[in-house]
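What's in coords_24.cif: mmCIF, C-alpha atoms
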data_start
#
loop_
_atom_site.label_atom_id
_atom_site.label_comp_id
_atom_site.auth_asym_id
_atom_site.auth_seq_id
_atom_site.Cartn_x
_atom_site.Cartn_y
_atom_site.Cartn_z
CA MET A 1 12.89 -21.52 -8.21
CA GLU A 2 16.18 -22.48 -6.55
CA GLN A 3 19.12 -21.69 -8.83
CA LEU A 4 22.37 -23.58 -9.38
CA THR A 5 25.72 -21.78 -9.15
CA ARG A 6 27.82 -20.80 -12.21
CA ARG A 7 31.24 -22.34 -11.56
CA LEU A 8 32.39 -23.89 -14.88
CA GLY A 9 34.67 -22.22 -17.44
CA VAL A 10 35.48 -23.21 -21.04
CA SER A 11 38.09 -25.81 -20.08
CA ASP A 12 35.78 -27.37 -17.48
CA ALA A 13 32.94 -27.59 -20.01
CA VAL A 14 35.22 -29.14 -22.68
CA VAL A 15 36.50 -31.71 -20.16
CA ILE A 16 32.96 -32.70 -19.17
CA GLY A 17 32.09 -33.04 -22.87
CA LEU A 18 35.18 -35.20 -23.48
CA GLY A 19 34.40 -37.31 -20.43
CA SER A 20 30.86 -37.85 -21.72
CA MET A 21 31.99 -39.04 -25.16
CA LEU A 22 35.41 -40.67 -24.89
CA GLY A 23 34.98 -44.34 -24.14
CA ALA A 24 31.46 -45.10 -25.31
CA GLY A 25 32.36 -45.44 -28.99
CA VAL A 26 35.81 -46.95 -28.62
CA PHE A 27 34.93 -49.66 -26.11
CA VAL A 28 31.31 -50.48 -27.00
CA VAL A 29 30.04 -49.40 -30.41
CA PHE A 30 32.70 -50.18 -33.03
CA ALA A 31 31.94 -53.93 -33.20
CA PRO A 32 28.15 -53.77 -33.87
CA ALA A 33 28.64 -50.76 -36.17
CA THR A 34 31.19 -52.69 -38.26
CA ALA A 35 28.81 -55.65 -38.49
CA ALA A 36 26.02 -53.34 -39.69
CA ALA A 37 28.23 -51.45 -42.16
CA GLY A 38 29.57 -54.67 -43.67
CA SER A 39 33.10 -53.43 -44.42
CA GLY A 40 35.97 -51.27 -43.22
CA PRO A 41 35.22 -48.36 -45.58
CA GLY A 42 31.57 -48.64 -44.52
CA LEU A 43 32.52 -48.18 -40.87
CA LEU A 44 34.65 -45.11 -41.62
CA ALA A 45 31.91 -43.60 -43.81
CA ALA A 46 29.34 -44.25 -41.08
CA LEU A 47 31.61 -42.59 -38.53
CA ALA A 48 31.86 -39.52 -40.78
CA VAL A 49 28.06 -39.41 -41.21
CA ALA A 50 27.47 -39.72 -37.46
CA GLY A 51 30.07 -37.04 -36.78
CA PHE A 52 28.52 -34.64 -39.30
CA VAL A 53 25.01 -35.09 -37.89
CA ALA A 54 26.44 -34.58 -34.41
CA TYR A 55 28.17 -31.39 -35.60
CA CYS A 56 24.88 -30.03 -36.98
CA ASN A 57 23.19 -30.86 -33.69
CA ALA A 58 26.06 -29.31 -31.72
CA THR A 59 25.73 -26.04 -33.63
CA SER A 60 22.00 -25.88 -32.90
CA SER A 61 22.54 -26.89 -29.26
CA ALA A 62 25.18 -24.21 -28.74
CA ARG A 63 22.98 -21.45 -30.19
CA LEU A 64 20.02 -22.46 -28.05
CA ALA A 65 22.10 -22.97 -24.89
CA ALA A 66 23.55 -19.47 -25.24
CA ARG A 67 20.00 -18.07 -25.53
CA TYR A 68 18.58 -20.19 -22.66
CA PRO A 69 21.46 -20.84 -20.22
CA GLU A 70 19.66 -23.04 -17.69
CA SER A 71 19.52 -26.72 -16.80
CA GLY A 72 17.47 -29.00 -19.01
CA GLY A 73 18.89 -28.65 -22.53
CA THR A 74 16.39 -29.31 -25.32
CA TYR A 75 13.59 -29.85 -22.81
CA VAL A 76 13.82 -26.11 -22.12
CA TYR A 77 14.48 -25.12 -25.76
CA GLY A 78 11.54 -27.17 -27.03
CA ARG A 79 9.17 -25.60 -24.49
CA GLU A 80 10.32 -22.08 -25.21
CA ARG A 81 10.45 -22.32 -29.02
CA LEU A 82 7.95 -25.06 -29.99
CA GLY A 83 5.58 -25.40 -27.05
CA PRO A 84 5.20 -27.51 -23.88
CA PHE A 85 4.39 -30.77 -25.69
CA ALA A 86 7.54 -30.71 -27.84
CA GLY A 87 9.59 -29.84 -24.78
CA PHE A 88 8.13 -32.74 -22.83
CA VAL A 89 8.81 -35.24 -25.63
CA ALA A 90 12.43 -34.03 -25.80
CA GLY A 91 12.92 -34.18 -22.03
CA TRP A 92 11.23 -37.56 -21.68
CA GLY A 93 13.25 -38.99 -24.57
CA PHE A 94 16.48 -37.71 -23.04
CA VAL A 95 15.73 -39.04 -19.55
CA VAL A 96 14.68 -42.55 -20.60
CA GLY A 97 17.33 -42.83 -23.33
CA LYS A 98 20.18 -41.63 -21.15
CA THR A 99 19.01 -43.75 -18.24
CA ALA A 100 19.44 -46.74 -20.59
CA SER A 101 22.87 -45.35 -21.51
CA CYS A 102 23.82 -45.13 -17.83
CA ALA A 103 22.88 -48.79 -17.40
CA ALA A 104 24.87 -49.79 -20.50
CA MET A 105 27.94 -47.91 -19.28
CA ALA A 106 27.67 -49.38 -15.77
CA LEU A 107 27.40 -52.91 -17.21
CA THR A 108 30.44 -52.20 -19.41
CA ILE A 109 32.44 -51.25 -16.31
CA GLY A 110 31.43 -54.55 -14.71
CA ALA A 111 32.24 -56.57 -17.84
CA TYR A 112 35.76 -55.12 -18.11
CA LEU A 113 36.60 -54.95 -14.41
CA TRP A 114 35.17 -58.27 -13.17
CA PRO A 115 33.37 -60.24 -15.92
CA GLY A 116 32.05 -62.89 -13.54
CA GLN A 117 30.36 -60.33 -11.28
CA ALA A 118 29.42 -57.65 -13.80
CA ARG A 119 26.05 -56.66 -12.32
CA PRO A 120 27.17 -56.19 -8.67
CA VAL A 121 30.17 -54.17 -9.88
CA ALA A 122 27.86 -52.07 -12.09
CA VAL A 123 25.59 -51.30 -9.12
CA ALA A 124 28.59 -50.32 -6.99
CA ALA A 125 29.86 -48.01 -9.78
CA VAL A 126 26.51 -46.23 -10.05
CA LEU A 127 26.33 -45.65 -6.29
CA ALA A 128 29.94 -44.43 -6.04
CA LEU A 129 29.65 -41.99 -8.97
CA THR A 130 26.33 -40.65 -7.72
CA ALA A 131 28.08 -39.89 -4.42
CA VAL A 132 30.76 -37.92 -6.34
CA ASN A 133 28.11 -35.92 -8.22
CA LEU A 134 26.28 -35.13 -5.00
CA ARG A 135 29.41 -33.36 -3.73
CA GLY A 136 29.04 -30.60 -6.33
CA VAL A 137 29.62 -29.88 -10.01
CA GLN A 138 33.22 -28.76 -9.44
CA LYS A 139 33.96 -32.17 -7.91
CA THR A 140 32.42 -33.73 -11.03
CA ALA A 141 34.58 -31.58 -13.35
CA ARG A 142 37.75 -32.27 -11.34
CA ALA A 143 37.15 -36.04 -11.26
CA THR A 144 36.31 -36.04 -14.98
CA ARG A 145 39.56 -34.20 -15.77
CA TRP A 146 41.60 -37.01 -14.19
CA LEU A 147 39.50 -39.71 -15.85
CA VAL A 148 39.94 -38.08 -19.29
CA ALA A 149 43.72 -37.83 -18.77
CA VAL A 150 43.99 -41.55 -17.92
CA THR A 151 41.70 -42.48 -20.83
CA LEU A 152 43.74 -40.52 -23.38
CA THR A 153 46.96 -42.09 -22.06
CA VAL A 154 45.57 -45.61 -22.55
CA LEU A 155 44.19 -44.78 -26.02
CA VAL A 156 47.58 -43.41 -27.08
CA LEU A 157 49.18 -46.62 -25.81
CA VAL A 158 46.75 -48.76 -27.84
CA ALA A 159 47.34 -46.62 -30.95
CA ALA A 160 51.13 -46.93 -30.57
CA VAL A 161 50.92 -50.71 -30.10
CA GLY A 162 48.63 -51.00 -33.12
CA LEU A 163 50.88 -48.90 -35.34
CA PHE A 164 54.25 -50.33 -34.33
CA GLY A 165 53.40 -53.79 -33.01
CA GLY A 166 53.95 -55.48 -36.36
CA GLU A 167 50.36 -56.42 -37.24
CA PHE A 168 49.31 -53.14 -38.86
CA GLY A 169 48.20 -53.72 -42.45
CA ALA A 170 46.55 -50.87 -44.35
CA GLY A 171 45.15 -53.34 -46.89
CA ARG A 172 42.82 -54.83 -44.26
CA ILE A 173 40.87 -51.57 -44.02
CA SER A 174 39.22 -52.11 -47.41
CA GLU A 175 38.05 -55.66 -46.62
CA ALA A 176 34.43 -56.73 -46.05
CA THR A 177 33.22 -58.47 -42.90
CA GLY A 178 32.37 -61.64 -44.80
CA GLY A 179 28.78 -61.61 -43.53
CA ALA A 180 25.60 -60.38 -45.16
CA GLY A 181 27.12 -56.92 -45.43
CA SER A 182 25.43 -53.63 -45.96
CA ILE A 183 22.01 -53.76 -47.63
CA ASP A 184 21.89 -51.41 -50.60
CA HIS A 185 18.59 -49.70 -51.31
CA GLY A 186 19.10 -46.79 -53.68
CA LEU A 187 21.93 -44.30 -53.36
CA VAL A 188 22.88 -44.97 -49.72
CA PRO A 189 23.39 -48.47 -48.22
CA VAL A 190 20.93 -49.07 -45.38
CA GLY A 191 23.65 -50.81 -43.36
CA LEU A 192 25.79 -47.67 -43.48
CA LEU A 193 22.92 -45.62 -42.01
CA THR A 194 22.28 -48.27 -39.36
CA ALA A 195 25.95 -48.16 -38.41
CA ALA A 196 25.87 -44.36 -38.30
CA GLY A 197 22.82 -44.48 -36.03
CA LEU A 198 24.61 -46.83 -33.64
CA LEU A 199 27.79 -44.72 -33.75
CA PHE A 200 25.78 -41.60 -32.92
CA PHE A 201 25.54 -43.09 -29.41
CA ALA A 202 29.25 -42.35 -29.09
CA PHE A 203 28.91 -38.63 -29.87
CA ALA A 204 25.82 -37.70 -27.89
CA GLY A 205 27.80 -36.65 -24.81
CA TYR A 206 28.38 -33.10 -26.06
CA ALA A 207 24.83 -32.29 -24.93
CA ARG A 208 26.05 -32.60 -21.37
CA ILE A 209 27.63 -29.17 -21.76
CA ALA A 210 24.25 -27.68 -22.71
CA THR A 211 22.35 -29.47 -19.93
CA LEU A 212 24.82 -27.94 -17.45
CA GLY A 213 24.12 -24.47 -18.89
CA GLU A 214 22.94 -23.08 -15.56
CA GLU A 215 26.34 -23.84 -14.02
CA VAL A 216 28.54 -22.37 -16.80
CA ARG A 217 30.12 -18.92 -16.47
CA GLU A 218 29.38 -16.52 -19.36
CA PRO A 219 27.21 -19.14 -21.16
CA GLU A 220 26.70 -17.01 -24.28
CA ARG A 221 30.47 -17.23 -24.89
CA THR A 222 31.50 -20.44 -23.14
CA ILE A 223 28.96 -22.92 -24.57
CA PRO A 224 29.37 -22.07 -28.31
CA ARG A 225 33.14 -22.49 -27.88
CA ALA A 226 33.12 -25.63 -25.73
CA VAL A 227 30.62 -27.77 -27.67
CA PRO A 228 32.30 -27.86 -31.13
CA LEU A 229 35.77 -28.04 -29.56
CA ALA A 230 34.90 -31.13 -27.51
CA LEU A 231 33.12 -32.75 -30.47
CA GLY A 232 36.01 -32.10 -32.87
CA LEU A 233 38.61 -33.58 -30.53
CA VAL A 234 36.53 -36.72 -30.01
CA LEU A 235 35.92 -37.19 -33.75
CA LEU A 236 39.67 -37.07 -34.43
CA VAL A 237 40.33 -39.67 -31.71
CA TYR A 238 37.57 -41.97 -33.00
CA LEU A 239 38.74 -41.78 -36.61
CA ALA A 240 42.34 -42.56 -35.67
CA LEU A 241 41.39 -45.53 -33.51
CA ALA A 242 38.91 -46.85 -36.09
CA VAL A 243 41.60 -46.86 -38.78
CA ILE A 244 44.16 -48.52 -36.50
CA THR A 245 41.71 -51.14 -35.23
CA LEU A 246 40.56 -52.02 -38.75
CA ALA A 247 44.16 -52.24 -39.99
CA VAL A 248 45.19 -54.58 -37.17
CA LEU A 249 42.12 -56.80 -36.76
CA GLY A 250 40.36 -56.50 -40.11
CA PRO A 251 36.59 -55.83 -40.40
CA ALA A 252 35.53 -59.47 -39.90
CA ARG A 253 37.36 -59.92 -36.60
CA LEU A 254 36.38 -56.44 -35.42
CA ALA A 255 32.69 -57.13 -36.10
CA ALA A 256 32.82 -60.25 -33.91
CA SER A 257 34.92 -58.75 -31.11
CA THR A 258 33.64 -58.01 -27.62
CA ALA A 259 36.76 -56.03 -26.62
CA PRO A 260 38.35 -54.60 -29.81
CA LEU A 261 41.14 -52.57 -28.21
CA ALA A 262 42.17 -55.45 -25.99
CA ASP A 263 42.28 -57.63 -29.12
CA VAL A 264 44.55 -55.08 -30.81
CA VAL A 265 47.02 -55.40 -27.95
CA ASP A 266 46.70 -59.21 -27.91
CA THR A 267 47.96 -59.41 -31.50
CA THR A 268 51.41 -58.37 -30.28
CA GLY A 269 51.64 -61.23 -27.80
CA LEU A 270 52.14 -58.77 -24.94
CA THR A 271 49.41 -60.26 -22.78
CA GLY A 272 50.30 -58.10 -19.80
CA LEU A 273 49.10 -55.03 -21.67
CA ASP A 274 45.64 -56.58 -21.94
CA TRP A 275 45.01 -55.68 -18.31
CA VAL A 276 46.21 -52.14 -18.91
CA VAL A 277 43.63 -51.77 -21.67
CA ARG A 278 40.90 -53.27 -19.52
CA ALA A 279 41.78 -50.89 -16.71
CA GLY A 280 41.77 -48.00 -19.20
CA ALA A 281 38.37 -49.06 -20.52
CA THR A 282 37.04 -49.10 -16.97
CA VAL A 283 38.38 -45.58 -16.34
CA ALA A 284 37.03 -44.26 -19.65
CA VAL A 285 33.55 -45.64 -19.17
CA THR A 286 33.56 -44.44 -15.56
CA GLY A 287 34.08 -40.89 -16.88
CA VAL A 288 31.17 -41.32 -19.30
CA LEU A 289 28.89 -42.62 -16.55
CA LEU A 290 29.89 -39.82 -14.16
CA ALA A 291 28.92 -37.14 -16.70
CA LEU A 292 25.79 -39.03 -17.78
CA ILE A 293 24.36 -39.16 -14.28
CA ALA A 294 25.01 -35.42 -13.88
CA GLY A 295 23.34 -34.57 -17.21
CA VAL A 296 20.23 -36.71 -16.66
CA GLY A 297 19.84 -35.28 -13.15
CA ARG A 298 19.81 -31.72 -14.54
CA THR A 299 17.11 -32.58 -17.08
CA VAL A 300 15.00 -34.22 -14.37
CA LEU A 301 15.48 -31.02 -12.33
CA ALA A 302 14.23 -28.87 -15.21
CA MET A 303 11.19 -31.10 -15.83
CA ALA A 304 10.33 -31.17 -12.12
CA ARG A 305 10.49 -27.36 -11.94
CA ARG A 306 7.69 -27.23 -14.52
CA HIS A 307 5.79 -30.16 -12.96
CA ASP A 308 6.27 -32.50 -15.91
CA LEU A 309 7.86 -34.77 -13.29
CA PRO A 310 7.12 -34.79 -9.53
CA GLY A 311 7.86 -31.35 -8.08
CA GLY A 312 9.85 -32.77 -5.17
CA LEU A 313 12.67 -33.64 -7.60
CA ALA A 314 13.30 -29.91 -8.18
CA ALA A 315 15.12 -29.47 -4.86
CA VAL A 316 18.66 -28.06 -4.88
CA HIS A 317 21.03 -28.99 -2.05
CA PRO A 318 21.61 -25.89 0.12
CA ARG A 319 25.34 -26.52 0.51
CA HIS A 320 26.58 -28.35 -2.60
CA ARG A 321 24.09 -26.63 -4.99
CA VAL A 322 23.26 -29.80 -6.92
CA PRO A 323 19.84 -31.36 -7.72
CA HIS A 324 20.38 -34.07 -5.13
CA ARG A 325 16.90 -35.62 -5.18
CA ALA A 326 16.91 -35.82 -8.98
CA GLU A 327 20.32 -37.50 -9.04
CA ILE A 328 19.35 -39.99 -6.33
CA ALA A 329 16.17 -40.84 -8.26
CA VAL A 330 18.16 -41.34 -11.49
CA ALA A 331 20.64 -43.59 -9.68
CA ALA A 332 17.80 -45.71 -8.26
CA VAL A 333 16.27 -46.27 -11.72
CA VAL A 334 19.68 -47.05 -13.25
CA VAL A 335 20.34 -49.67 -10.55
CA LEU A 336 16.99 -51.27 -11.41
CA VAL A 337 17.75 -51.32 -15.14
CA VAL A 338 21.25 -52.72 -14.52
CA SER A 339 19.63 -55.71 -12.82
CA LEU A 340 17.59 -56.51 -15.95
CA GLY A 341 19.30 -54.85 -18.93
CA ASP A 342 21.49 -55.85 -21.89
CA ILE A 343 24.27 -53.61 -23.27
CA ARG A 344 23.61 -53.87 -27.02
CA HIS A 345 19.83 -53.44 -26.73
CA ALA A 346 20.36 -50.44 -24.46
CA ILE A 347 22.61 -48.80 -27.09
CA GLY A 348 20.02 -49.08 -29.87
CA PHE A 349 17.17 -47.91 -27.63
CA SER A 350 19.22 -44.97 -26.36
CA SER A 351 20.23 -43.95 -29.90
CA CYS A 352 16.58 -43.89 -31.02
CA THR A 353 15.28 -41.69 -28.20
CA VAL A 354 18.30 -39.37 -28.26
CA LEU A 355 18.02 -38.89 -32.06
CA VAL A 356 14.40 -37.77 -31.51
CA TYR A 357 15.70 -35.41 -28.81
CA TYR A 358 18.15 -33.81 -31.24
CA ALA A 359 15.57 -33.63 -34.02
CA ILE A 360 13.57 -31.36 -31.67
CA THR A 361 16.79 -29.42 -30.94
CA ASN A 362 17.23 -28.62 -34.64
CA ALA A 363 13.55 -27.78 -35.09
CA ALA A 364 13.79 -25.35 -32.17
CA ALA A 365 16.98 -23.80 -33.60
CA LEU A 366 15.18 -23.10 -36.89
CA THR A 367 12.85 -20.71 -35.03
CA LEU A 368 15.80 -18.53 -33.93
CA GLY A 369 16.12 -16.99 -37.39
CA ARG A 370 19.38 -15.80 -38.89
CA ASP A 371 22.45 -15.12 -36.79
CA PRO A 372 24.34 -12.14 -38.25
CA ASP A 373 27.34 -12.72 -35.95
CA ARG A 374 28.07 -16.20 -37.32
CA ARG A 375 29.73 -17.06 -40.61
CA LEU A 376 28.40 -20.63 -40.58
CA PRO A 377 25.11 -21.35 -42.45
CA VAL A 378 23.41 -22.18 -39.16
CA ARG A 379 19.89 -22.54 -40.59
CA LEU A 380 21.12 -24.98 -43.25
CA LEU A 381 22.98 -26.97 -40.58
CA ALA A 382 19.78 -27.12 -38.51
CA VAL A 383 17.81 -28.45 -41.50
CA LEU A 384 20.48 -31.06 -42.24
CA GLY A 385 20.66 -32.02 -38.59
CA LEU A 386 16.88 -32.46 -38.37
CA ALA A 387 16.78 -34.61 -41.52
CA GLY A 388 19.84 -36.58 -40.43
CA CYS A 389 18.42 -37.39 -36.99
CA LEU A 390 15.15 -38.69 -38.42
CA LEU A 391 16.92 -40.71 -41.12
CA LEU A 392 19.36 -42.35 -38.69
CA ALA A 393 16.56 -43.15 -36.24
CA LEU A 394 14.51 -44.88 -38.95
CA ALA A 395 17.59 -46.90 -40.02
CA LEU A 396 18.19 -48.36 -36.54
CA PRO A 397 17.45 -52.06 -35.88
CA LEU A 398 13.68 -52.62 -35.86
CA GLY A 399 13.55 -53.74 -32.22
CA SER A 400 15.34 -50.61 -31.02
CA LEU A 401 13.15 -48.36 -33.17
CA LEU A 402 9.89 -49.92 -31.94
CA ALA A 403 10.99 -49.85 -28.30
CA GLY A 404 11.99 -46.19 -28.55
CA ILE A 405 8.75 -45.17 -30.26
CA ALA A 406 6.67 -47.12 -27.71
CA VAL A 407 8.32 -45.48 -24.69
CA LEU A 408 8.04 -42.00 -26.23
CA ALA A 409 4.37 -42.64 -27.08
CA VAL A 410 3.53 -43.83 -23.56
CA GLY A 411 5.18 -40.78 -22.00
CA ALA A 412 3.43 -38.42 -24.44
CA LEU A 413 0.03 -40.04 -23.76
CA VAL A 414 0.44 -39.73 -19.98
CA HIS A 415 1.50 -36.09 -20.43
CA LEU A 416 -1.58 -35.28 -22.54
CA LEU A 417 -3.93 -37.02 -20.10
CA ARG A 418 -2.45 -35.05 -17.20
CA ARG A 419 -2.89 -31.83 -19.13
#
With the file now loaded, output its structure as structure tokens.
Amino acid sequence: MEQLTRRLGVSDAVVIGLGSMLGAGVFVVFAPATAAAGSGPGLLAALAVAGFVAYCNATSSARLAARYPESGGTYVYGRERLGPFAGFVAGWGFVVGKTASCAAMALTIGAYLWPGQARPVAVAAVLALTAVNLRGVQKTARATRWLVAVTLTVLVLVAAVGLFGGEFGAGRISEATGGAGSIDHGLVPVGLLTAAGLLFFAFAGYARIATLGEEVREPERTIPRAVPLALGLVLLVYLALAVITLAVLGPARLAASTAPLADVVDTTGLTGLDWVVRAGATVAVTGVLLALIAGVGRTVLAMARRHDLPGGLAAVHPRHRVPHRAEIAVAAVVVLVVSLGDIRHAIGFSSCTVLVYYAITNAAALTLGRDPDRRLPVRLLAVLGLAGCLLLALALPLGSLLAGIAVLAVGALVHLLRR
């Protein structure tokens, strides 16, 4: 088995995690999540729920990644702790779900950069970022560092404009969207859970650190530090921007918006800044897509090594030490999906399959037993993470849930027939 090279430290891993998460939630998910939640407080509560489930999953992922520091993430953990079938379902769910995410991010780049030619621009972005990844993981980390810096600068600009531009009104946060609102069945509104399931799409990037486990130095120390640090920073950014966006636009306008942060800037009348925000959105989503392609390629590599995918995809480039065939194959599929896909449907489908992936992560973590070196109740967090993943998946829009289950079932059936 050809091995990858350990070149990434804590800061590199945190940057890749930030690059995977920052952008997806701010520029894509807030509007449909607000519509599902039905109100401003509902959106903030859903964001807290999604963040907590992600934290539980991050704790389980970090423990498992430190024990099994190789490419593949939960595909490897599921095989080692729960058996080959569970590992395959996790890996298959991750590959198909994140391939849909790659297509959604590429289409977002096209929509912000050149709305009239979104699909050709999306294809060009996929090809260019695949070329960067093929140059080596250090090139990926270095490029992501610059993309994260530009993204944070633009987000700070939007926050400052929202706070001091004259349209900020804290009273708007408590308003409802004016639509059907959140459906209340029992103790927890269903719309809140649906919104949390959609918002989970924005947090799932922390797994990229685990899927790069074979390229991280001192993984038993680096990964448990990098995963919660990256997740915590992103949660703080999301909460701040959600509050500001709600206070400026109000829930009703936010729910109907296609570019919420650009709309925040537009309220000031400074139309020139609109292009700055659009450029920032392009940069942010580019960072997400760059890390996504790298993460999916590593999972394909791990599955090919064990012949759950064609063995030829397990090749590692002799010079750049990257899974070049796997990344080229991922890029080819993403280009195909970009030609046919829709952003909002891709988000729901991706959330469903990735929530199943993390449910298996938590189930695998439960088999590790107690961890005497940790003060956190890690087994309780794994149980809560498992329950949270299943609950959020079931609360997703019916079309997304059925599509996710169907694709997982087809992959599982083919796997069993091959076995």
Neighbour list for Arg67 (chain A) as a list in words, cut-off 10 Å, only C-alpha atoms, skip fewer than 5 positions in-chain: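 Near neighbours after the sequence-gap exclusion: Ser61, Ala62, Tyr77, Pro219, Glu220 and Leu368 of chain A.
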For the structure shown, which residues end up in the PyMOL selection byres ((chain A and resi 313-330) around 8)? Put them as a VMD selection string, please? chain A and resid 2 to 5 99 130 133 to 137 293 to 294 296 to 298 300 to 302 304 to 305 309 to 312 331 to 334
How far is it from CA of Glu80 (chain A) to CA of Leu292 (chain A), in Å with one decimal?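 Spanning CA of Glu80 (chain A) to CA of Leu292 (chain A) is a straight-line distance of 24.1 Å.
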Please identify every residue of region 122-173 of chain A that has at least one atom no farther than 8 Å from an atom of region 236-252 of chain A, counting all atoms listed in the file, and for each give the shortest atom pair and the distance in Å to one decimal, arranged by chain then increasing number, as JSON lines.
{"residue": "A:Ala159", "atom": "CA", "partner": "A:Leu241", "partner_atom": "CA", "distance": 6.6}
{"residue": "A:Gly162", "atom": "CA", "partner": "A:Ile244", "partner_atom": "CA", "distance": 6.1}
{"residue": "A:Leu163", "atom": "CA", "partner": "A:Ile244", "partner_atom": "CA", "distance": 6.8}
{"residue": "A:Glu167", "atom": "CA", "partner": "A:Val248", "partner_atom": "CA", "distance": 5.5}
{"residue": "A:Phe168", "atom": "CA", "partner": "A:Val248", "partner_atom": "CA", "distance": 4.7}
{"residue": "A:Gly169", "atom": "CA", "partner": "A:Ala247", "partner_atom": "CA", "distance": 5.0}
{"residue": "A:Ala170", "atom": "CA", "partner": "A:Ala247", "partner_atom": "CA", "distance": 5.2}
{"residue": "A:Gly171", "atom": "CA", "partner": "A:Ala247", "partner_atom": "CA", "distance": 7.1}
{"residue": "A:Arg172", "atom": "CA", "partner": "A:Gly250", "partner_atom": "CA", "distance": 5.1}
{"residue": "A:Ile173", "atom": "CA", "partner": "A:Ala247", "partner_atom": "CA", "distance": 5.2}
Could you state the separation of CA of Tyr112 (chain A) and CA of Leu235 (chain A) in Å, given to one decimal place?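 Interatomic distance, CA of Tyr112 (chain A) to CA of Leu235 (chain A): 23.8 Å.
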Minimum-distance residue to Ile223 (chain A), chosen among A:Asp308, A:Asp263, A:Asp342, A:Asp12 (using all atoms listed in the file):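 Result for the nearest residue to Ile223 (chain A): A:Asp12.
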Could you check which of A:Val89, A:Leu229, A:Val126, A:Val265 is closest to Gly165 (chain A), using all atoms listed in the file?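 So, comparing all the options, the nearest one is A:Val265.
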Distance CA of Ala124 (chain A)-CA of Ser20 (chain A), one decimal place?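 Result for CA of Ala124 (chain A) versus CA of Ser20 (chain A): 19.4 Å, one decimal.
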What would the selection look like, as an MDAnalysis selection string, if the PyMOL selection byres ((chain A and resi 193) around 12) were run on the coordinates I just shared? chainID A and resid 33:34 36:38 42:50 53 182:185 187:192 194:200 388:397
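The residue that comes closest to Leu384 (chain A), out of A:Leu398, A:Ala406, A:Val276, A:Ala54 and on the basis of only C-alpha atoms, is A:Ala54.
With distances restricted to only C-alpha atoms, A:Leu254 is the closest residue to Ser39 (chain A) from A:Val26, A:Val121, A:Leu254, A:Ala281.
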Spell out the residues picked by the PyMOL selection byres ((chain A and resi 269-275) around 12) here, as a PyMOL selection string. chain A and resi 112-114+154+157-158+161-162+165-167+259-268+276-282
Measuring between all atoms listed in the file, which one of A:Val335, A:Leu152, A:Val410, A:Ala202 shows the shortest distance to Gly93 (chain A)? A:Val410
